[in-house]
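So the structure is just underneath, and the comments pick up after that.
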Amino acid sequence: GQQVMQIPQYQHVQEGEDFTTYCNSSTTLSNIQWYKQRPGGHPVFLIQLVKSGEVKKQKRLTFQFGEAKKNSSLHITATQTTDVGTYFCAYGSSNTGKLIFGQGTTLQVKP
Amino acid sequence: DTAVSQTPKYLVTQMGNDKSIKCEQNLGHDTMYWYKQDSKKFLKIMFSYNNKELIINETVPNRFSPKSPDKAHLNLHINSLELGDSAVYFCASSSRGIQETQYFGPGTRLLVL
């Protein structure tokens, strides 16, 4: 079935460095959602993108949806220890009625 | 006020036992879900209910049986637990469907010995 590939699987950065996670699909996506899961916690919705080329910002987080709507990225500027966690992209498949999650990128931040 | 709550938070049990996990949402949402997260953090949908009606039933062993007594509750009963059932089970809800934000419960960490 349709999948989204998320890379990298893990990323270790020094506090203050930037971080990016990428989500790629072989087919066009109608939308993309991003979630954050803190260690031991549950996924928490961050944002949804629906338009081609859309860019949204939340403080130090920048979310992009590709022009072809086949990829998306989440970029964190100047990471902080509070950014630690696993970031998931997900898309809603109207065909199946399911929200399909990427494998997640786990971010570790060294203080 | 907890939006989506699950009980129990932790569940340790022996192989072959039967156990239930309960979920309640106070958001007034129509759709509820069960997800399984494995040790590699992969999140996979198991079931989805809309207004008490089952709309998604993934390829899940029939030892897993969801029940929705009303649209605010979705419970999961597991018969004859196996080692491979060890995982974190998340309940979630959304206002209409998969295009909407999903609100996750805190999760139930199940360990089968």
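In the structure tokens, chains take the letters A, B, ... in the order shown, each chain's residues start at 1, and ligands count up from 1 in the order shown.
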Per residue of stretch 54-94 of chain A within 12 Å of stretch 37-55 of chain B, note the shortest atom pair and the distance in Å to one decimal, counting only C-alpha atoms, and order the rows by chain and increasing residue number, as JSON lines.
{"residue": "A:Gly85", "atom": "CA", "partner": "B:Lys41", "partner_atom": "CA", "distance": 11.2}
{"residue": "A:Thr86", "atom": "CA", "partner": "B:Lys41", "partner_atom": "CA", "distance": 8.5}
{"residue": "A:Tyr87", "atom": "CA", "partner": "B:Lys41", "partner_atom": "CA", "distance": 10.5}
{"residue": "A:Phe88", "atom": "CA", "partner": "B:Leu43", "partner_atom": "CA", "distance": 9.2}
{"residue": "A:Cys89", "atom": "CA", "partner": "B:Leu43", "partner_atom": "CA", "distance": 10.8}
{"residue": "A:Ala90", "atom": "CA", "partner": "B:Leu43", "partner_atom": "CA", "distance": 10.0}
{"residue": "A:Gly92", "atom": "CA", "partner": "B:Ile45", "partner_atom": "CA", "distance": 11.8}
Task: Interface list for chain B, partner chain A, 7 Å threshold, only C-alpha atoms, as a PyMOL selection string - done: chain B and resi 42-43+98-99+101-107
- [ ] Please provide the set of residues having any atom within 10 Å of B:Leu110, restricted to only C-alpha atoms, with same-chain residues fewer than 6 positions apart removed, written as a PyMOL selection string.
- [x] chain B and resi 8-13+19+21+83+85-89
Open item on the list: as a VMD selection string, please: the residues near B:Ala72 (cut-off 8 Å, only C-alpha atoms, same-chain neighbours under 4 positions excluded).
Closed with: chain B and resid 24 to 26 28 to 30
TODO: Pick out each residue of chain A that DSSP on the backbone tags as strand (DSSP E or B); I need them as a PyMOL selection string.
DONE: chain A and resi 4-7+10-14+19-25+32-37+43-49+55-58+61-65+71-76+85-93+98-101+105-110
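Of the residues under consideration (B:Gln14, B:Thr31, B:Ser95, B:Asn57), B:Thr31 shows the shortest atom-to-atom contact distance to B:His73 when counting only C-alpha atoms.
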